[in-house]
file protein-v2.cif (mmCIF, C-alpha atoms)
data_coords
loop_
_atom_site.label_atom_id
_atom_site.label_comp_id
_atom_site.auth_asym_id
_atom_site.auth_seq_id
_atom_site.Cartn_x
_atom_site.Cartn_y
_atom_site.Cartn_z
CA MET A 27 0.00 0.00 0.00
CA PRO A 28 1.67 3.28 -1.09
CA THR A 29 1.83 6.16 1.36
CA SER A 30 0.75 9.63 0.37
CA PRO A 31 3.09 12.62 0.74
CA ARG A 32 0.72 13.95 3.40
CA ALA A 33 1.21 10.86 5.55
CA LYS A 34 4.69 11.97 6.67
CA SER A 35 4.75 12.50 10.41
CA VAL A 36 7.97 14.54 10.52
CA ASP A 37 8.70 17.50 8.29
CA PRO A 38 12.37 17.13 7.30
CA ALA A 39 12.57 20.82 6.41
CA ALA A 40 11.79 21.74 10.04
CA SER A 41 14.47 19.48 11.58
CA HIS A 42 16.94 22.39 11.64
CA LEU A 43 14.62 24.59 13.75
CA GLN A 44 15.42 24.73 17.47
CA ARG A 45 12.43 25.82 19.60
CA SER A 46 12.66 26.97 23.20
CA ALA A 47 9.65 27.52 25.47
CA ALA A 48 11.73 29.86 27.67
CA TRP A 49 13.52 33.04 26.59
CA ALA A 50 14.53 36.37 28.15
CA GLY A 51 12.83 35.53 31.43
CA LEU A 52 9.62 34.43 29.71
CA GLN A 53 7.91 31.05 29.86
CA ALA A 54 5.34 29.78 27.36
CA GLY A 55 2.03 31.52 28.01
CA ASP A 56 3.44 34.71 29.54
CA PRO A 57 1.81 37.91 28.23
CA VAL A 58 3.99 40.21 26.09
CA ASP A 59 3.58 43.40 24.10
CA VAL A 60 4.54 43.57 20.42
CA LEU A 61 5.65 46.85 18.87
CA ASP A 62 4.12 46.62 15.38
CA GLU A 63 1.84 49.31 13.97
CA ARG A 64 -0.34 46.70 12.24
CA GLU A 65 -0.95 44.89 15.54
CA ARG A 66 -1.89 47.81 17.81
CA GLY A 67 -4.45 46.80 20.38
CA ALA A 68 -3.75 43.09 20.04
CA GLN A 69 -2.96 40.95 23.08
CA TRP A 70 -0.18 38.38 22.81
CA ARG A 71 1.27 35.47 24.78
CA PHE A 72 4.79 34.11 24.33
CA VAL A 73 4.93 30.67 22.66
CA ALA A 74 8.57 29.98 21.72
CA PHE A 75 11.92 31.42 20.73
CA VAL A 76 13.02 29.78 17.48
CA THR A 77 16.48 29.49 15.95
CA ASN A 78 17.10 28.28 12.42
CA GLU A 79 20.34 26.34 12.92
CA ALA A 80 21.02 26.27 9.18
CA THR A 81 20.95 30.06 8.72
CA GLY A 82 21.30 31.48 12.25
CA ALA A 83 18.05 33.43 11.89
CA THR A 84 15.95 33.85 15.05
CA TRP A 85 12.40 34.93 15.76
CA VAL A 86 9.79 34.79 18.50
CA GLU A 87 6.45 33.04 18.13
CA VAL A 88 3.41 34.45 19.92
CA ALA A 89 -0.27 33.60 20.04
CA GLY A 90 -3.17 36.00 20.41
CA GLY A 91 -4.67 38.85 18.48
CA ARG A 92 -7.62 41.20 18.78
CA GLY A 93 -10.98 40.47 20.34
CA GLY A 94 -11.03 36.68 20.43
CA ASP A 95 -9.20 36.29 17.11
CA VAL A 96 -6.55 33.82 18.33
CA ARG A 97 -3.76 33.26 15.83
CA ARG A 98 -0.04 32.55 15.79
CA ARG A 99 2.47 35.11 14.57
CA SER A 100 6.23 35.44 14.44
CA PHE A 101 8.12 38.64 15.23
CA ARG A 102 11.73 39.76 15.49
CA ALA A 103 13.07 39.58 19.05
CA ASP A 104 13.54 43.37 19.16
CA GLN A 105 9.77 43.84 18.74
CA LEU A 106 8.85 42.09 22.02
CA TYR A 107 8.44 44.08 25.23
CA PRO A 108 7.34 43.29 28.77
CA HIS A 109 3.57 43.22 29.17
CA ARG A 110 2.00 46.68 29.56
CA SER A 111 5.10 48.54 28.37
CA ILE A 112 3.72 49.95 25.11
CA ARG A 113 1.50 53.00 25.40
CA ALA A 114 0.07 54.98 22.50
CA GLY A 115 2.24 53.07 20.04
CA ALA A 116 5.53 53.81 21.84
CA ALA A 117 7.62 51.66 24.15
CA THR A 118 8.06 52.82 27.76
CA ARG A 119 10.67 50.14 28.61
CA ALA A 120 13.55 48.37 26.86
CA PRO A 121 12.75 45.42 24.57
CA LEU A 122 13.14 41.96 26.08
CA HIS A 123 16.16 41.08 23.96
CA ASP A 124 18.06 44.11 25.38
CA ALA A 125 16.95 43.70 28.98
CA PRO A 126 16.10 40.02 29.49
CA GLY A 127 14.90 38.72 32.79
CA LEU A 128 14.01 42.07 34.33
CA PRO A 129 11.04 41.98 36.69
CA PHE A 130 7.76 42.61 34.90
#
call {"tool": "encode", "arguments": {"input": "protein-v2.cif", "output": "structure tokens"}}
result
Amino acid sequence: MPTSPRAKSVDPAASHLQRSAAWAGLQAGDPVDVLDERERGAQWRFVAFVTNEATGATWVEVAGGRGGDVRRRSFRADQLYPHRSIRAGAATRAPLHDAPGLPF
């Protein structure tokens, strides 16, 4: 019986991605702010810090959105801030990648 291409349980293209559920003092599920004009007013929770071991690229995955619209997004590490540190579209504290582990 032949197997379909969709039957693969492991994506070989993703084997070079290293995911961490802890980063910069955050644990999966912690609330964060994202500095992105298109996402003003959205509420986010940290999911994972991801490193592409093949290219060295990094990004942060978050889940959330506006008004019950839960979705997953990826942002650069310099766009993530401690929860409640973005007011009127401007950051009031340092981004998490510059000041990791500071009390929230």
call {"tool": "atom_distance", "arguments": {"input": "protein-v2.cif", "atom1": "CA of Ala47 (chain A)", "atom2": "CA of Ala114 (chain A)"}}
result
29.2 Å
call {"tool": "residues_around", "arguments": {"input": "protein-v2.cif", "residues": "region 91-93 of chain A", "least_positions_apart": "4", "cutoff": "7 Å", "atoms": "only C-alpha atoms", "output": "MDAnalysis selection string"}}
result
chainID A and resid 67:70 97
call {"tool": "residues_around", "arguments": {"input": "protein-v2.cif", "residues": "Pro108 (chain A)", "least_positions_apart": "6", "cutoff": "8 Å", "atoms": "only C-alpha atoms", "output": "PyMOL selection string"}}
result
chain A and resi 57-59+119+121-122+130
call {"tool": "closest_residue", "arguments": {"input": "protein-v2.cif", "among": "A:Asp124, A:Asp95, A:Glu79, A:Glu87", "to": "Gly55 (chain A)", "atoms": "only C-alpha atoms"}}
result
A:Glu87
call {"tool": "residues_around", "arguments": {"input": "protein-v2.cif", "residues": "Ala103 (chain A)", "least_positions_apart": "6", "cutoff": "8 Å", "atoms": "only C-alpha atoms", "output": "JSON, numbers by chain"}}
result
{"A": [84, 85, 86, 122, 123]}
call {"tool": "residues_around", "arguments": {"input": "protein-v2.cif", "residues": "Thr81 (chain A)", "least_positions_apart": "4", "cutoff": "12 Å", "atoms": "all atoms listed in the file", "output": "ChimeraX atom specification"}}
result
/A:42-44,76-77
call {"tool": "resolve_selection", "arguments": {"input": "protein-v2.cif", "expression": "the PyMOL selection byres ((chain A and resi 115) around 9)", "output": "PyMOL selection string"}}
result
chain A and resi 61-63+66+112-114+116-117
call {"tool": "resolve_selection", "arguments": {"input": "protein-v2.cif", "expression": "the PyMOL selection byres ((chain A and resi 54) around 8)", "output": "list in words"}}
result
Ala47, Ala48, Leu52, Gln53, Gly55, Asp56, Arg71, Phe72, Val73 and Ala74 of chain A
call {"tool": "axis_aligned_box", "arguments": {"input": "protein-v2.cif", "around": "region 111-121 of chain A", "padding_each_side": "5 Å", "output": "lines of an AutoDock Vina configuration file"}}
result
center_x = 6.8
center_y = 50.2
center_z = 24.3
size_x = 23.5
size_y = 19.6
size_z = 18.6
call {"tool": "atom_distance", "arguments": {"input": "protein-v2.cif", "atom1": "CA of Ala50 (chain A)", "atom2": "CA of Ala83 (chain A)"}}
result
16.9 Å
